[in-house]
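Chemist: My structure is below; once you've seen it, I'll send some questions.
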Amino acid sequence: MRALVTTSAPESVLDVISELLVERFEIPADEVRPDAPMRGLLTDSLMVVEMAITVHEVLGVKVEEDELRDATLAEFAGAVEARRTDR
(Lines give C-alpha, C1' and ligand atoms only; values in the text may rest on other atoms or scores of the structure.)
Protein backbone atom coordinates (compact mmCIF):
# COMPACT_ATOMS: atom_id res chain seq x y z
CA MET A 1 0.00 0.00 0.00
CA ARG A 2 1.41 3.40 -0.99
CA ALA A 3 1.40 6.40 1.30
CA LEU A 4 -0.98 9.16 0.25
CA VAL A 5 1.30 11.94 1.50
CA THR A 6 4.89 12.26 0.39
CA THR A 7 7.50 13.64 2.74
CA SER A 8 8.84 15.95 0.05
CA ALA A 9 5.59 17.92 -0.28
CA PRO A 10 5.54 21.05 1.89
CA GLU A 11 2.81 21.10 4.50
CA SER A 12 0.22 23.84 4.35
CA VAL A 13 -0.22 26.15 7.32
CA LEU A 14 -3.65 24.58 7.87
CA ASP A 15 -2.01 21.14 8.05
CA VAL A 16 0.66 22.34 10.47
CA ILE A 17 -1.85 24.02 12.79
CA SER A 18 -4.16 21.00 12.61
CA GLU A 19 -1.25 18.73 13.55
CA LEU A 20 -0.38 20.99 16.48
CA LEU A 21 -3.96 20.86 17.74
CA VAL A 22 -4.02 17.06 17.61
CA GLU A 23 -0.49 16.30 18.80
CA ARG A 24 0.37 19.05 21.28
CA PHE A 25 -3.07 20.02 22.50
CA GLU A 26 -4.61 16.52 22.30
CA ILE A 27 -7.72 17.68 20.46
CA PRO A 28 -9.50 14.67 18.90
CA ALA A 29 -8.67 14.57 15.18
CA ASP A 30 -12.34 14.34 14.19
CA GLU A 31 -12.97 17.73 15.85
CA VAL A 32 -10.15 19.47 13.94
CA ARG A 33 -12.00 20.68 10.83
CA PRO A 34 -11.48 23.86 8.79
CA ASP A 35 -14.89 25.20 9.85
CA ALA A 36 -14.32 24.53 13.57
CA PRO A 37 -14.22 27.68 15.70
CA MET A 38 -10.85 28.07 17.38
CA ARG A 39 -12.59 29.03 20.64
CA GLY A 40 -14.24 25.61 20.58
CA LEU A 41 -10.95 23.80 20.02
CA LEU A 42 -8.90 25.83 22.52
CA THR A 43 -11.26 25.63 25.45
CA ASP A 44 -9.41 27.71 28.01
CA SER A 45 -7.24 30.81 28.08
CA LEU A 46 -4.05 28.88 28.84
CA MET A 47 -4.52 26.82 25.66
CA VAL A 48 -4.98 30.03 23.67
CA VAL A 49 -1.75 31.50 25.05
CA GLU A 50 0.13 28.24 24.44
CA MET A 51 -1.13 28.09 20.83
CA ALA A 52 -0.04 31.69 20.17
CA ILE A 53 3.44 30.86 21.47
CA THR A 54 3.59 27.58 19.54
CA VAL A 55 2.56 29.21 16.24
CA HIS A 56 5.30 31.78 16.73
CA GLU A 57 7.90 29.09 17.49
CA VAL A 58 6.89 26.70 14.70
CA LEU A 59 5.79 29.07 11.93
CA GLY A 60 7.59 32.29 12.90
CA VAL A 61 4.39 34.35 12.97
CA LYS A 62 3.18 36.35 15.97
CA VAL A 63 -0.54 36.10 16.57
CA GLU A 64 -2.81 37.82 19.03
CA GLU A 65 -4.93 35.82 21.42
CA ASP A 66 -8.08 37.55 20.11
CA GLU A 67 -7.33 36.18 16.64
CA LEU A 68 -7.40 32.68 18.05
CA ARG A 69 -10.70 33.24 19.80
CA ASP A 70 -12.54 34.95 16.94
CA ALA A 71 -11.73 32.79 13.89
CA THR A 72 -12.42 29.36 12.52
CA LEU A 73 -9.43 27.08 12.01
CA ALA A 74 -9.40 27.87 8.27
CA GLU A 75 -9.64 31.63 8.84
CA PHE A 76 -6.85 31.54 11.40
CA ALA A 77 -4.61 29.43 9.14
CA GLY A 78 -5.28 31.84 6.26
CA ALA A 79 -4.27 34.83 8.38
CA VAL A 80 -1.06 33.09 9.48
CA GLU A 81 -0.27 32.10 5.88
CA ALA A 82 -0.79 35.68 4.69
CA ARG A 83 1.71 36.96 7.26
CA ARG A 84 4.27 34.32 6.34
CA THR A 85 4.15 35.34 2.67
CA ASP A 86 4.31 39.08 3.45
CA ARG A 87 7.89 38.76 4.66
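Chain labels A, B, ... are given in the sequence in which chains occur in the C-alpha coordinates; within each chain residues are numbered consecutively from 1, and ligands are likewise numbered from 1 in the order shown.
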Taking the backbone alone, and naming residues the way the document does, which bits of chain A are helix (DSSP H, G or I) by DSSP, as number ranges by chain?
Modeler: A: 13-23, 29-31, 38-41, 45-59, 65-70, 73-85
Chemist: Using only C-alpha atoms, determine which residues lie at most 10 Å from segment 28-42 of chain A, disregarding the query and same-chain residues fewer than 4 positions distant; provide the list as a ChimeraX atom specification.
Modeler: /A:14-15,17-19,21-23,46-51,66-77
Chemist: Create the file for the chosen residues now, containing N, CA and C atoms and written as a PDB file, in the first residue's frame.
Modeler:
ATOM      1  N   LEU A  14      -2.484  25.259   7.290  1.00  0.00           N
ATOM      2  CA  LEU A  14      -3.646  24.585   7.866  1.00  0.00           C
ATOM      3  C   LEU A  14      -3.263  23.207   8.385  1.00  0.00           C
ATOM      4  N   ASP A  15      -2.465  22.463   7.612  1.00  0.00           N
ATOM      5  CA  ASP A  15      -2.012  21.138   8.049  1.00  0.00           C
ATOM      6  C   ASP A  15      -1.147  21.231   9.302  1.00  0.00           C
ATOM      7  N   ILE A  17      -1.056  23.632  11.632  1.00  0.00           N
ATOM      8  CA  ILE A  17      -1.852  24.025  12.793  1.00  0.00           C
ATOM      9  C   ILE A  17      -2.752  22.873  13.229  1.00  0.00           C
ATOM     10  N   SER A  18      -3.318  22.158  12.273  1.00  0.00           N
ATOM     11  CA  SER A  18      -4.158  21.000  12.606  1.00  0.00           C
ATOM     12  C   SER A  18      -3.349  19.949  13.360  1.00  0.00           C
ATOM     13  N   GLU A  19      -2.137  19.688  12.880  1.00  0.00           N
ATOM     14  CA  GLU A  19      -1.251  18.728  13.554  1.00  0.00           C
ATOM     15  C   GLU A  19      -0.933  19.174  14.974  1.00  0.00           C
ATOM     16  N   LEU A  21      -2.756  21.034  16.917  1.00  0.00           N
ATOM     17  CA  LEU A  21      -3.956  20.860  17.737  1.00  0.00           C
ATOM     18  C   LEU A  21      -4.110  19.418  18.187  1.00  0.00           C
ATOM     19  N   VAL A  22      -3.855  18.485  17.291  1.00  0.00           N
ATOM     20  CA  VAL A  22      -4.016  17.064  17.614  1.00  0.00           C
ATOM     21  C   VAL A  22      -2.873  16.564  18.496  1.00  0.00           C
ATOM     22  N   GLU A  23      -1.642  16.877  18.113  1.00  0.00           N
ATOM     23  CA  GLU A  23      -0.492  16.295  18.796  1.00  0.00           C
ATOM     24  C   GLU A  23      -0.116  17.012  20.094  1.00  0.00           C
ATOM     25  N   LEU A  46      -5.417  29.383  28.864  1.00  0.00           N
ATOM     26  CA  LEU A  46      -4.051  28.876  28.837  1.00  0.00           C
ATOM     27  C   LEU A  46      -3.749  28.206  27.501  1.00  0.00           C
ATOM     28  N   MET A  47      -4.710  27.453  26.969  1.00  0.00           N
ATOM     29  CA  MET A  47      -4.520  26.815  25.660  1.00  0.00           C
ATOM     30  C   MET A  47      -4.343  27.868  24.566  1.00  0.00           C
ATOM     31  N   VAL A  48      -5.082  28.956  24.656  1.00  0.00           N
ATOM     32  CA  VAL A  48      -4.983  30.032  23.669  1.00  0.00           C
ATOM     33  C   VAL A  48      -3.582  30.647  23.704  1.00  0.00           C
ATOM     34  N   VAL A  49      -3.093  30.925  24.901  1.00  0.00           N
ATOM     35  CA  VAL A  49      -1.750  31.500  25.052  1.00  0.00           C
ATOM     36  C   VAL A  49      -0.699  30.522  24.525  1.00  0.00           C
ATOM     37  N   GLU A  50      -0.825  29.249  24.893  1.00  0.00           N
ATOM     38  CA  GLU A  50       0.129  28.241  24.438  1.00  0.00           C
ATOM     39  C   GLU A  50       0.126  28.118  22.914  1.00  0.00           C
ATOM     40  N   MET A  51      -1.043  28.189  22.298  1.00  0.00           N
ATOM     41  CA  MET A  51      -1.126  28.088  20.831  1.00  0.00           C
ATOM     42  C   MET A  51      -0.464  29.297  20.187  1.00  0.00           C
ATOM     43  N   ASP A  66      -6.743  37.282  20.643  1.00  0.00           N
ATOM     44  CA  ASP A  66      -8.077  37.551  20.114  1.00  0.00           C
ATOM     45  C   ASP A  66      -8.291  36.892  18.751  1.00  0.00           C
ATOM     46  N   GLU A  67      -7.229  36.832  17.941  1.00  0.00           N
ATOM     47  CA  GLU A  67      -7.333  36.181  16.637  1.00  0.00           C
ATOM     48  C   GLU A  67      -7.702  34.705  16.796  1.00  0.00           C
ATOM     49  N   LEU A  68      -7.128  34.090  17.809  1.00  0.00           N
ATOM     50  CA  LEU A  68      -7.396  32.677  18.054  1.00  0.00           C
ATOM     51  C   LEU A  68      -8.822  32.453  18.536  1.00  0.00           C
ATOM     52  N   ARG A  69      -9.357  33.396  19.250  1.00  0.00           N
ATOM     53  CA  ARG A  69     -10.705  33.239  19.797  1.00  0.00           C
ATOM     54  C   ARG A  69     -11.786  33.535  18.751  1.00  0.00           C
ATOM     55  N   ASP A  70     -11.500  34.421  17.816  1.00  0.00           N
ATOM     56  CA  ASP A  70     -12.542  34.951  16.940  1.00  0.00           C
ATOM     57  C   ASP A  70     -12.630  34.305  15.559  1.00  0.00           C
ATOM     58  N   ALA A  71     -11.775  33.344  15.249  1.00  0.00           N
ATOM     59  CA  ALA A  71     -11.730  32.788  13.889  1.00  0.00           C
ATOM     60  C   ALA A  71     -12.019  31.290  13.890  1.00  0.00           C
ATOM     61  N   THR A  72     -12.383  30.805  12.710  1.00  0.00           N
ATOM     62  CA  THR A  72     -12.417  29.356  12.515  1.00  0.00           C
ATOM     63  C   THR A  72     -10.985  28.899  12.264  1.00  0.00           C
ATOM     64  N   LEU A  73     -10.770  27.616  12.285  1.00  0.00           N
ATOM     65  CA  LEU A  73      -9.434  27.080  12.010  1.00  0.00           C
ATOM     66  C   LEU A  73      -8.948  27.542  10.638  1.00  0.00           C
ATOM     67  N   ALA A  74      -9.796  27.466   9.622  1.00  0.00           N
ATOM     68  CA  ALA A  74      -9.397  27.865   8.267  1.00  0.00           C
ATOM     69  C   ALA A  74      -9.088  29.353   8.190  1.00  0.00           C
ATOM     70  N   GLU A  75      -9.889  30.189   8.841  1.00  0.00           N
ATOM     71  CA  GLU A  75      -9.640  31.633   8.837  1.00  0.00           C
ATOM     72  C   GLU A  75      -8.324  31.961   9.532  1.00  0.00           C
ATOM     73  N   PHE A  76      -8.081  31.310  10.663  1.00  0.00           N
ATOM     74  CA  PHE A  76      -6.852  31.540  11.396  1.00  0.00           C
ATOM     75  C   PHE A  76      -5.640  31.104  10.574  1.00  0.00           C
ATOM     76  N   ALA A  77      -5.719  29.922   9.974  1.00  0.00           N
ATOM     77  CA  ALA A  77      -4.614  29.427   9.141  1.00  0.00           C
ATOM     78  C   ALA A  77      -4.362  30.366   7.966  1.00  0.00           C
TER      79      ALA A  77
END
